[in-house]
$ cat entry.csv   # CSV, C-alpha atoms and all ligand atoms
chain,number,residue,atom,x,y,z
A,7,MET,CA,98.8,71.8,65.5
A,8,ARG,CA,97.5,74.6,67.5
A,9,SER,CA,95.1,73.8,70.3
A,10,SER,CA,91.5,74.9,69.9
A,11,MET,CA,90.6,78.5,70.6
A,12,SER,CA,89.9,79.7,74.2
A,13,LYS,CA,86.7,81.6,75.0
A,14,PHE,CA,88.7,84.8,75.0
A,15,GLU,CA,90.3,84.0,71.6
A,16,GLN,CA,86.8,83.3,70.2
A,17,HIS,CA,85.7,86.7,71.5
A,18,LEU,CA,88.7,88.3,69.7
A,19,LYS,CA,87.9,86.4,66.5
A,20,SER,CA,84.3,87.6,66.6
A,21,LEU,CA,85.4,91.2,67.1
A,22,ILE,CA,87.7,90.9,64.0
A,23,LEU,CA,85.0,89.2,61.9
A,24,GLU,CA,82.6,92.0,62.9
A,25,ASN,CA,84.9,95.0,62.5
A,26,GLY,CA,87.8,93.9,60.4
A,27,PRO,CA,91.5,93.5,61.4
A,28,MET,CA,92.3,95.3,64.7
A,29,ASP,CA,95.2,97.6,65.4
A,30,VAL,CA,98.0,96.3,67.7
A,31,GLY,CA,96.9,98.7,70.5
A,32,THR,CA,93.4,97.4,70.7
A,33,PHE,CA,94.7,93.8,70.6
A,34,MET,CA,97.3,94.5,73.3
A,35,ASN,CA,94.7,96.3,75.5
A,36,LEU,CA,92.3,93.3,75.3
A,37,ALA,CA,95.0,90.6,75.7
A,38,VAL,CA,96.7,92.3,78.7
A,39,GLY,CA,93.4,93.0,80.3
A,40,HIS,CA,92.3,89.4,80.1
A,41,TYR,CA,95.7,88.1,81.2
A,42,TYR,CA,96.0,90.1,84.4
A,43,SER,CA,92.3,89.9,85.3
A,44,THR,CA,92.4,86.1,85.4
A,45,ARG,CA,95.7,85.2,87.3
A,46,ASP,CA,98.6,85.9,89.6
A,47,PRO,CA,101.4,85.5,87.0
A,48,PHE,CA,104.5,86.1,89.2
A,49,GLY,CA,107.3,83.9,90.5
A,50,ALA,CA,109.0,80.6,89.7
A,51,GLN,CA,105.7,78.8,89.2
A,52,GLY,CA,104.3,81.6,87.2
A,53,ASP,CA,105.2,83.3,83.9
A,54,PHE,CA,107.8,85.9,85.0
A,55,THR,CA,109.6,87.4,88.0
A,56,THR,CA,110.0,91.1,88.7
A,57,ALA,CA,112.6,93.0,90.7
A,58,PRO,CA,110.5,93.2,93.9
A,59,GLU,CA,109.9,89.5,93.7
A,60,ILE,CA,113.6,88.8,93.4
A,61,SER,CA,114.7,90.7,96.5
A,62,GLN,CA,113.4,92.8,99.3
A,63,MET,CA,116.4,95.1,98.6
A,64,PHE,CA,114.8,96.6,95.6
A,65,GLY,CA,111.8,97.9,97.6
A,66,GLU,CA,114.1,99.0,100.4
A,67,MET,CA,116.1,101.2,98.0
A,68,ILE,CA,113.0,102.7,96.6
A,69,GLY,CA,111.6,103.3,100.1
A,70,VAL,CA,114.7,105.3,101.0
A,71,PHE,CA,114.5,107.2,97.7
A,72,LEU,CA,110.8,108.2,98.4
A,73,ALA,CA,111.4,109.0,102.0
A,74,ASP,CA,114.4,111.3,101.1
A,75,ALA,CA,112.2,113.0,98.5
A,76,TRP,CA,109.4,113.5,101.1
A,77,ILE,CA,111.8,115.1,103.6
A,78,LYS,CA,113.1,117.4,100.8
A,79,MET,CA,109.5,118.4,100.0
A,80,GLY,CA,109.2,119.6,103.6
A,81,SER,CA,107.6,116.4,105.0
A,82,PRO,CA,104.0,117.2,103.9
A,83,ALA,CA,101.3,115.4,105.8
A,84,PRO,CA,99.2,113.8,104.5
A,85,VAL,CA,101.1,112.6,101.5
A,86,LEU,CA,99.8,110.1,98.9
A,87,LEU,CA,102.0,107.1,98.5
A,88,ALA,CA,100.7,106.0,95.1
A,89,GLU,CA,101.7,103.0,93.0
A,90,ALA,CA,100.4,101.9,89.6
A,91,GLY,CA,100.3,98.2,88.8
A,92,PRO,CA,101.4,96.9,92.2
A,93,GLY,CA,101.4,93.2,91.2
A,94,ARG,CA,101.4,91.3,94.5
A,95,GLY,CA,102.0,94.4,96.6
A,96,THR,CA,105.5,93.3,97.4
A,97,LEU,CA,107.2,96.5,96.4
A,98,MET,CA,104.9,98.6,98.6
A,99,ALA,CA,105.3,96.2,101.6
A,100,ASP,CA,109.1,96.5,101.3
A,101,ILE,CA,108.8,100.3,100.9
A,102,MET,CA,106.8,100.5,104.2
A,103,ARG,CA,109.1,98.1,106.1
A,104,ALA,CA,112.2,100.1,105.0
A,105,THR,CA,110.7,103.4,106.1
A,106,LYS,CA,109.2,102.5,109.4
A,107,ASN,CA,111.9,104.4,111.4
A,108,ILE,CA,111.6,107.6,109.5
A,109,PRO,CA,109.9,110.0,112.0
A,110,GLY,CA,106.4,110.9,110.8
A,111,PHE,CA,106.5,109.1,107.5
A,112,HIS,CA,104.1,106.3,108.2
A,113,ASP,CA,101.6,108.7,109.8
A,114,ALA,CA,101.7,110.9,106.8
A,115,ALA,CA,101.7,108.3,104.0
A,116,LYS,CA,98.3,107.3,102.6
A,117,ILE,CA,98.6,104.3,100.3
A,118,HIS,CA,96.8,104.4,97.0
A,119,PHE,CA,97.0,101.7,94.3
A,120,ILE,CA,96.0,101.9,90.6
A,121,GLU,CA,95.2,98.4,89.7
A,122,MET,CA,92.7,96.9,87.2
A,123,SER,CA,93.0,93.2,88.1
A,124,PRO,CA,90.5,91.9,90.7
A,125,VAL,CA,92.7,88.9,91.4
A,126,LEU,CA,95.8,91.0,92.1
A,127,LYS,CA,93.8,93.5,94.2
A,128,GLU,CA,93.0,90.6,96.6
A,129,LYS,CA,96.6,89.6,96.6
A,130,GLN,CA,97.7,93.2,97.4
A,131,LYS,CA,95.3,93.4,100.3
A,132,SER,CA,96.7,90.3,101.9
A,133,THR,CA,100.4,91.2,101.2
A,134,LEU,CA,100.0,94.7,102.7
A,135,GLY,CA,98.0,93.8,105.8
A,136,GLN,CA,97.0,97.4,106.2
A,137,GLY,CA,94.7,100.0,104.7
A,138,ALA,CA,94.9,101.2,101.2
A,139,THR,CA,92.6,102.7,98.6
A,140,TRP,CA,92.2,101.2,95.1
A,141,HIS,CA,91.6,103.1,91.9
A,142,GLU,CA,91.0,102.2,88.3
A,143,SER,CA,93.0,105.2,87.0
A,144,ILE,CA,95.1,108.1,88.4
A,145,HIS,CA,92.2,110.5,87.8
A,146,THR,CA,90.4,109.6,91.0
A,147,LEU,CA,93.5,110.1,93.3
A,148,PRO,CA,92.7,112.7,95.9
A,149,ASP,CA,94.5,116.1,95.6
A,150,GLY,CA,97.6,117.0,97.4
A,151,PRO,CA,101.3,116.1,97.5
A,152,VAL,CA,102.2,112.7,96.1
A,153,LEU,CA,105.0,110.2,96.0
A,154,PHE,CA,104.4,108.0,93.0
A,155,VAL,CA,106.1,104.8,91.9
A,156,ALA,CA,105.5,102.3,89.0
A,157,ASN,CA,107.7,99.2,88.3
A,158,GLU,CA,107.0,97.3,85.1
A,159,PHE,CA,103.7,99.1,84.6
A,160,LEU,CA,104.3,101.2,81.5
A,161,ASP,CA,105.5,98.2,79.5
A,162,ALA,CA,102.0,96.6,79.9
A,163,LEU,CA,100.2,99.7,78.6
A,164,PRO,CA,99.3,99.2,74.9
A,165,ILE,CA,101.4,100.3,72.0
A,166,ARG,CA,100.4,100.7,68.3
A,167,GLN,CA,102.8,99.5,65.6
A,168,LEU,CA,103.3,101.2,62.2
A,169,GLN,CA,104.9,99.4,59.3
A,170,TYR,CA,106.7,100.9,56.3
A,171,VAL,CA,105.3,99.3,53.2
A,172,ASP,CA,105.5,100.6,49.6
A,173,GLY,CA,107.1,103.8,50.6
A,174,GLN,CA,104.5,104.7,53.2
A,175,TRP,CA,103.7,104.1,56.9
A,176,HIS,CA,100.6,101.9,57.6
A,177,GLU,CA,98.9,100.8,60.7
A,178,ARG,CA,100.0,97.3,61.6
A,179,VAL,CA,96.9,95.1,62.3
A,180,ILE,CA,95.9,91.7,63.4
A,181,GLY,CA,93.5,89.7,61.3
A,182,LEU,CA,92.5,86.1,60.8
A,183,ASP,CA,93.7,83.1,58.8
A,184,GLY,CA,91.0,80.6,59.6
A,185,ASP,CA,91.3,80.3,63.4
A,186,ALA,CA,94.8,81.7,63.6
A,187,PHE,CA,95.6,85.3,64.3
A,188,VAL,CA,98.0,86.9,61.8
A,189,PHE,CA,99.7,90.2,61.4
A,190,GLY,CA,98.7,92.3,58.4
A,191,VAL,CA,99.1,95.8,56.9
A,192,GLY,CA,96.2,98.2,57.5
A,193,ALA,CA,95.4,101.7,56.4
A,194,PRO,CA,98.1,104.3,55.5
A,195,CYS,CA,98.8,106.7,58.4
A,196,LYS,CA,101.2,109.4,59.5
A,197,GLY,CA,104.5,108.1,60.8
A,198,PRO,CA,107.8,109.4,62.1
A,199,VAL,CA,110.1,111.5,60.0
A,200,VAL,CA,112.9,108.9,59.8
A,201,VAL,CA,114.2,107.1,56.7
A,202,PRO,CA,113.0,103.6,57.3
A,203,GLY,CA,113.8,100.4,55.4
A,204,ASP,CA,111.1,98.3,53.7
A,205,ASN,CA,108.8,96.6,56.3
A,206,ASP,CA,110.4,98.4,59.2
A,207,VAL,CA,108.2,98.6,62.3
A,208,PHE,CA,107.8,101.8,64.4
A,209,GLU,CA,106.1,101.7,67.8
A,210,ILE,CA,104.1,104.5,69.3
A,211,ALA,CA,102.6,104.4,72.8
A,212,PRO,CA,99.9,107.1,73.2
A,213,ALA,CA,98.6,105.4,76.4
A,214,ARG,CA,102.1,105.6,78.0
A,215,GLU,CA,102.6,109.2,76.9
A,216,GLN,CA,99.3,110.2,78.2
A,217,PHE,CA,99.9,108.5,81.5
A,218,VAL,CA,103.2,110.4,82.0
A,219,ILE,CA,101.7,113.7,80.8
A,220,ASP,CA,98.9,113.2,83.4
A,221,ILE,CA,101.4,112.3,86.2
A,222,ALA,CA,103.5,115.4,85.4
A,223,ALA,CA,100.4,117.6,85.5
A,224,ARG,CA,99.4,116.0,88.8
A,225,LEU,CA,102.9,116.7,90.3
A,226,LYS,CA,102.7,120.3,89.0
A,227,SER,CA,99.3,120.9,90.7
A,228,GLY,CA,99.8,118.9,93.9
A,229,LYS,CA,103.6,118.8,94.3
A,230,GLY,CA,105.6,115.6,94.4
A,231,VAL,CA,107.8,113.0,92.8
A,232,ALA,CA,107.3,110.1,90.5
A,233,LEU,CA,109.6,107.2,89.9
A,234,PHE,CA,109.3,104.9,86.8
A,235,ILE,CA,111.3,101.7,86.4
A,236,ASP,CA,110.9,99.6,83.2
A,237,TYR,CA,112.8,97.9,80.4
A,238,GLY,CA,113.4,99.9,77.3
A,239,HIS,CA,115.7,102.3,75.5
A,240,ASP,CA,116.8,105.9,75.9
A,241,HIS,CA,116.5,106.8,72.3
A,242,THR,CA,113.6,106.5,69.9
A,243,ALA,CA,114.3,104.0,67.0
A,244,CYS,CA,112.5,101.7,64.6
A,245,GLY,CA,112.1,98.1,65.8
A,246,ASP,CA,109.4,95.5,66.7
A,247,THR,CA,109.7,95.0,70.5
A,248,LEU,CA,106.3,93.4,71.1
A,249,GLN,CA,107.0,90.3,73.1
A,250,ALA,CA,105.0,87.5,74.9
A,251,VAL,CA,106.4,85.6,77.9
A,252,ARG,CA,104.9,82.5,79.4
A,253,GLY,CA,106.5,80.1,81.9
A,254,HIS,CA,109.7,82.2,81.8
A,255,LYS,CA,110.1,81.7,78.0
A,256,TYR,CA,109.4,83.9,75.0
A,257,VAL,CA,106.4,82.6,73.1
A,258,ASP,CA,104.6,83.6,69.9
A,259,VAL,CA,102.7,86.9,70.4
A,260,LEU,CA,99.7,85.6,68.4
A,261,SER,CA,99.4,82.1,69.9
A,262,ASP,CA,97.3,81.3,73.0
A,263,VAL,CA,96.4,85.0,73.2
A,264,GLY,CA,95.6,86.2,76.7
A,265,GLU,CA,97.6,83.4,78.3
A,266,SER,CA,101.0,85.1,78.1
A,267,ASP,CA,102.4,88.4,79.4
A,268,LEU,CA,102.4,90.8,76.5
A,269,THR,CA,104.7,93.8,76.7
A,270,SER,CA,106.9,96.0,74.7
A,271,HIS,CA,110.1,98.0,75.4
A,272,VAL,CA,109.5,101.5,76.8
A,273,ASP,CA,110.7,104.4,74.7
A,274,PHE,CA,112.0,106.7,77.4
A,275,GLU,CA,113.0,109.5,75.0
A,276,THR,CA,109.3,110.1,74.2
A,277,LEU,CA,108.4,109.8,77.9
A,278,LYS,CA,111.0,112.3,78.9
A,279,ASN,CA,109.3,114.8,76.6
A,280,ALA,CA,105.9,113.7,78.0
A,281,GLY,CA,107.1,114.5,81.5
A,282,SER,CA,108.9,117.8,80.6
A,283,ARG,CA,106.5,120.0,82.6
A,284,CYS,CA,108.5,118.7,85.5
A,285,VAL,CA,112.3,118.3,86.1
A,286,VAL,CA,113.1,115.0,84.6
A,287,TYR,CA,115.9,112.8,86.1
A,288,GLY,CA,117.5,110.0,84.0
A,289,PRO,CA,116.7,107.6,82.6
A,290,VAL,CA,119.7,105.8,84.1
A,291,GLY,CA,120.3,102.1,84.4
A,292,GLN,CA,118.6,100.3,87.2
A,293,GLY,CA,122.1,99.0,88.3
A,294,ASP,CA,123.5,102.6,88.6
A,295,PHE,CA,120.4,103.8,90.4
A,296,LEU,CA,120.4,101.0,92.9
A,297,LYS,CA,124.1,101.2,93.5
A,298,ALA,CA,123.8,105.0,94.1
A,299,MET,CA,121.1,104.1,96.7
A,300,GLY,CA,123.6,101.8,98.5
A,301,ILE,CA,122.3,98.4,97.5
A,302,GLU,CA,125.8,96.8,97.6
A,303,LEU,CA,126.3,97.6,101.2
A,304,ARG,CA,122.8,96.4,102.1
A,305,ALA,CA,123.5,93.1,100.2
A,306,LEU,CA,126.8,92.6,102.1
A,307,ARG,CA,124.9,93.0,105.4
A,308,LEU,CA,122.1,90.6,104.3
A,309,GLY,CA,124.6,88.1,102.7
A,310,LYS,CA,122.6,88.4,99.4
A,311,ARG,CA,125.2,89.2,96.8
A,312,GLU,CA,123.7,87.0,94.2
A,313,ASP,CA,120.2,88.6,94.4
A,314,CYS,CA,121.9,92.0,94.3
A,315,ASN,CA,123.8,90.9,91.2
A,316,ARG,CA,120.6,89.9,89.4
A,317,LEU,CA,119.2,93.4,90.0
A,318,VAL,CA,122.4,95.4,89.1
A,319,ALA,CA,124.7,93.5,86.8
A,320,ASP,CA,124.9,94.7,83.2
A,321,ASP,CA,124.1,91.2,81.8
A,322,GLN,CA,121.1,90.9,84.1
A,323,MET,CA,118.6,93.6,84.9
A,324,GLY,CA,121.1,96.5,85.5
A,325,THR,CA,121.3,98.0,82.1
A,326,LEU,CA,118.1,97.0,80.2
A,327,PHE,CA,116.0,98.3,83.0
A,328,ARG,CA,115.9,102.1,83.1
A,329,VAL,CA,114.9,104.4,86.0
A,330,MET,CA,113.4,107.8,85.4
A,331,ALA,CA,112.0,110.3,87.9
A,332,LEU,CA,109.9,113.5,87.7
A,333,CYS,CA,109.8,116.2,90.3
A,334,ASP,CA,107.8,119.5,90.2
A,335,ASP,CA,110.3,121.5,92.2
A,336,PRO,CA,113.6,122.5,90.6
A,337,ASP,CA,115.0,123.4,94.0
A,338,ILE,CA,114.8,119.8,95.1
A,339,LYS,CA,117.8,117.5,94.3
A,340,LEU,CA,116.7,113.8,94.2
A,341,VAL,CA,119.2,111.1,95.1
A,342,GLY,CA,120.1,108.1,92.9
A,343,PHE,CA,120.8,109.9,89.6
A,344,GLU,CA,124.3,111.4,90.4
A,345,GLY,CA,126.2,108.9,88.1
A,401,LIG,N1,104.8,96.3,89.8
A,401,LIG,C1,104.7,94.9,90.0
A,401,LIG,C2,103.8,94.2,88.9
A,401,LIG,C3,104.2,94.5,87.5
A,401,LIG,S1,103.1,93.6,86.4
A,401,LIG,C4,106.0,94.2,90.1
A,401,LIG,O1,107.0,94.8,89.9
A,401,LIG,O2,106.0,93.1,90.6
A,401,LIG,C5,102.0,94.9,85.8
A,401,LIG,C6,101.0,95.3,86.8
A,401,LIG,O3,100.2,96.4,86.2
A,401,LIG,C7,99.9,94.3,87.3
A,401,LIG,O4,99.6,94.5,88.6
A,401,LIG,C8,98.8,94.5,86.4
A,401,LIG,O5,97.5,94.0,86.8
A,401,LIG,C9,98.8,96.1,86.3
A,401,LIG,N2,98.2,96.7,85.1
A,401,LIG,C10,98.5,96.4,83.8
A,401,LIG,N3,97.8,97.3,83.0
A,401,LIG,C11,97.1,98.1,83.8
A,401,LIG,C12,96.2,99.2,83.6
A,401,LIG,N4,95.9,99.6,82.3
A,401,LIG,N5,95.6,99.8,84.6
A,401,LIG,C13,95.9,99.4,85.9
A,401,LIG,N6,96.8,98.4,86.2
A,401,LIG,C14,97.3,97.7,85.2

$ encode --input "entry.csv" --output "structure tokens" --more "lines below"
Ligand code: SAH
Amino acid sequence: MRSSMSKFEQHLKSLILENGPMDVGTFMNLAVGHYYSTRDPFGAQGDFTTAPEISQMFGEMIGVFLADAWIKMGSPAPVLLAEAGPGRGTLMADIMRATKNIPGFHDAAKIHFIEMSPVLKEKQKSTLGQGATWHESIHTLPDGPVLFVANEFLDALPIRQLQYVDGQWHERVIGLDGDAFVFGVGAPCKGPVVVPGDNDVFEIAPAREQFVIDIAARLKSGKGVALFIDYGHDHTACGDTLQAVRGHKYVDVLSDVGESDLTSHVDFETLKNAGSRCVVYGPVGQGDFLKAMGIELRALRLGKREDCNRLVADDQMGTLFRVMALCDDPDIKLVGFEG
């Protein structure tokens, strides 16, 4: 038996009763918004653990990557050090610690966070212990050169799902069966030019594409580098990758909505195109990237081989997680993508 509906689920239900079944993008946007705005979901006691929460080495490697890029850009000052979806602020704290001996970097770097969750904003303030500026979107970032990073941010941006039924693509929607949310088939719509099988699902992510298009435009106008790390695939393909995680386990996407972390795999092929105004690096596996940045020697020094293994091994986070960078300047050669 399902438990009774939460206030948030009742709100979703009333929206569906009023407007009809909702597309997956609207559903995901509302569910993710509710989820992050009402909790700190990270760590062993929470729902899931991200790379910066596993080990300080992750942020250290990214700090070195960004500082190297900054030097190659000619050490501009000031430079925006911007992060989208900073979670607890752990990655930025590790980036700052790893770069404190780089002459001029800390004086130049102005920290800017793009974060929608009031709960996590407070957490970021206390983790960082220094000044930062918060934004709702990248559009209010000040002009000028930028070093940008986002880890497990794109996967939280909403996707739409299309489903191939009766020889045609349709919007996949979420409707009601009593008090239960159920998937359904909505209006016919344009879909990809592939030859799908019956009931195949195809995911599109306009919000992710727009985000990368905006970042690429931003790098072009203000100079800079952006680094994206996320789980996903390098080639566009059919498949339903929408998933919900709660208490470190996969749970039903449509049960206890707003109480689990709702994400989908990132289609990097589309995002490479979205970023193509810039030079695009990768995507490469997180393992290859971190190894190229020297994580194995750092792990040896810290006596943290196991943590390193979680980040780089093929059967852990090393292959599923992909790393992609954008840079406006074709004369700059970024590190980490030599492979
Ligand atoms: N980068 C962190 C957290 C990843 S979880 C880490 O690696 O630990 C996703 C983060 O993105 C959270 O901070 C969440 O609140 C934020 N987020 C999700 N959707 C967002 C949106 N549309 N706008 C701004 N922040 C968002």

$ closest_residue --input "entry.csv" --among "A:Tyr237, A:Tyr170, A:Phe189, A:Tyr42" --to "Phe208 (chain A)" --atoms "all atoms listed in the file"
A:Tyr170

$ residues_near_ligand --input "entry.csv" --ligand "ligand LIG 401 (chain A)" --cutoff "6 Å" --atoms "only C-alpha atoms and all ligand atoms" --output "number ranges by chain"
A: 42, 56-58, 91-93, 120-123, 157-159, 162-163

$ residues_around --input "entry.csv" --residues "Val263 (chain A)" --least-positions-apart "5" --cutoff "9 Å" --atoms "all atoms listed in the file" --output "JSON, numbers by chain"
{"A": [12, 14, 15, 37, 41, 187, 258, 268]}

$ residues_around --input "entry.csv" --residues "Val251 (chain A)" --least-positions-apart "6" --cutoff "6 Å" --atoms "only C-alpha atoms" --output "list in words"
Val257, Ser266 and Asp267 of chain A

$ atom_distance --input "entry.csv" --atom1 "CA of Gly253 (chain A)" --atom2 "CA of Arg178 (chain A)"
27.4 Å

$ residues_around --input "entry.csv" --residues "Ile301 (chain A)" --least-positions-apart "6" --cutoff "8 Å" --atoms "all atoms listed in the file" --output "MDAnalysis selection string"
chainID A and resid 63:64 67 314

$ closest_residue --input "entry.csv" --among "A:Leu126, A:Leu153, A:Ala50, A:Glu312" --to "Trp140 (chain A)" --atoms "only C-alpha atoms"
A:Leu126

$ closest_residue --input "entry.csv" --among "A:Ala213, A:Val85, A:Val188, A:Leu182" --to "Thr276 (chain A)" --atoms "all atoms listed in the file"
A:Ala213

$ closest_residue --input "entry.csv" --among "A:His145, A:Gly342, A:Glu59, A:Gly80" --to "Met299 (chain A)" --atoms "all atoms listed in the file"
A:Gly342

$ atom_distance --input "entry.csv" --atom1 "CA of Phe111 (chain A)" --atom2 "CA of Pro84 (chain A)"
9.2 Å

$ build_atoms --input "entry.csv" --residues "region 144-159 of chain A" --atoms "N, CA and C atoms" --output "compact mmCIF listing (two decimals), in the coordinates of the input"
# COMPACT_ATOMS: atom_id res chain seq x y z
N ILE A 144 94.50 107.09 87.51
CA ILE A 144 95.10 108.10 88.40
C ILE A 144 94.09 109.29 88.61
N HIS A 145 93.05 109.35 87.79
CA HIS A 145 92.20 110.50 87.80
C HIS A 145 91.33 110.60 89.09
N THR A 146 91.20 109.50 89.81
CA THR A 146 90.40 109.60 91.00
C THR A 146 91.28 109.67 92.30
N LEU A 147 92.60 109.82 92.12
CA LEU A 147 93.50 110.10 93.30
C LEU A 147 93.07 111.38 93.93
N PRO A 148 93.05 111.43 95.27
CA PRO A 148 92.70 112.70 95.90
C PRO A 148 93.82 113.76 95.64
N ASP A 149 93.48 115.02 95.80
CA ASP A 149 94.50 116.10 95.60
C ASP A 149 95.54 116.07 96.65
N GLY A 150 96.60 116.84 96.40
CA GLY A 150 97.60 117.00 97.40
C GLY A 150 98.96 116.42 97.00
N PRO A 151 99.99 116.59 97.83
CA PRO A 151 101.30 116.10 97.50
C PRO A 151 101.34 114.58 97.33
N VAL A 152 102.21 114.12 96.41
CA VAL A 152 102.20 112.70 96.10
C VAL A 152 103.61 112.16 95.87
N LEU A 153 103.82 110.95 96.36
CA LEU A 153 105.00 110.20 96.00
C LEU A 153 104.50 109.01 95.21
N PHE A 154 104.96 108.93 93.96
CA PHE A 154 104.40 108.00 93.00
C PHE A 154 105.45 107.01 92.54
N VAL A 155 105.11 105.73 92.42
CA VAL A 155 106.10 104.80 91.90
C VAL A 155 105.34 103.76 90.97
N ALA A 156 106.04 103.32 89.92
CA ALA A 156 105.50 102.30 89.00
C ALA A 156 106.66 101.45 88.51
N ASN A 157 106.66 100.15 88.84
CA ASN A 157 107.70 99.20 88.30
C ASN A 157 107.03 98.27 87.35
N GLU A 158 107.59 98.19 86.15
CA GLU A 158 107.00 97.30 85.10
C GLU A 158 105.54 97.50 84.92
N PHE A 159 105.12 98.74 84.91
CA PHE A 159 103.70 99.10 84.60
C PHE A 159 103.58 99.62 83.21
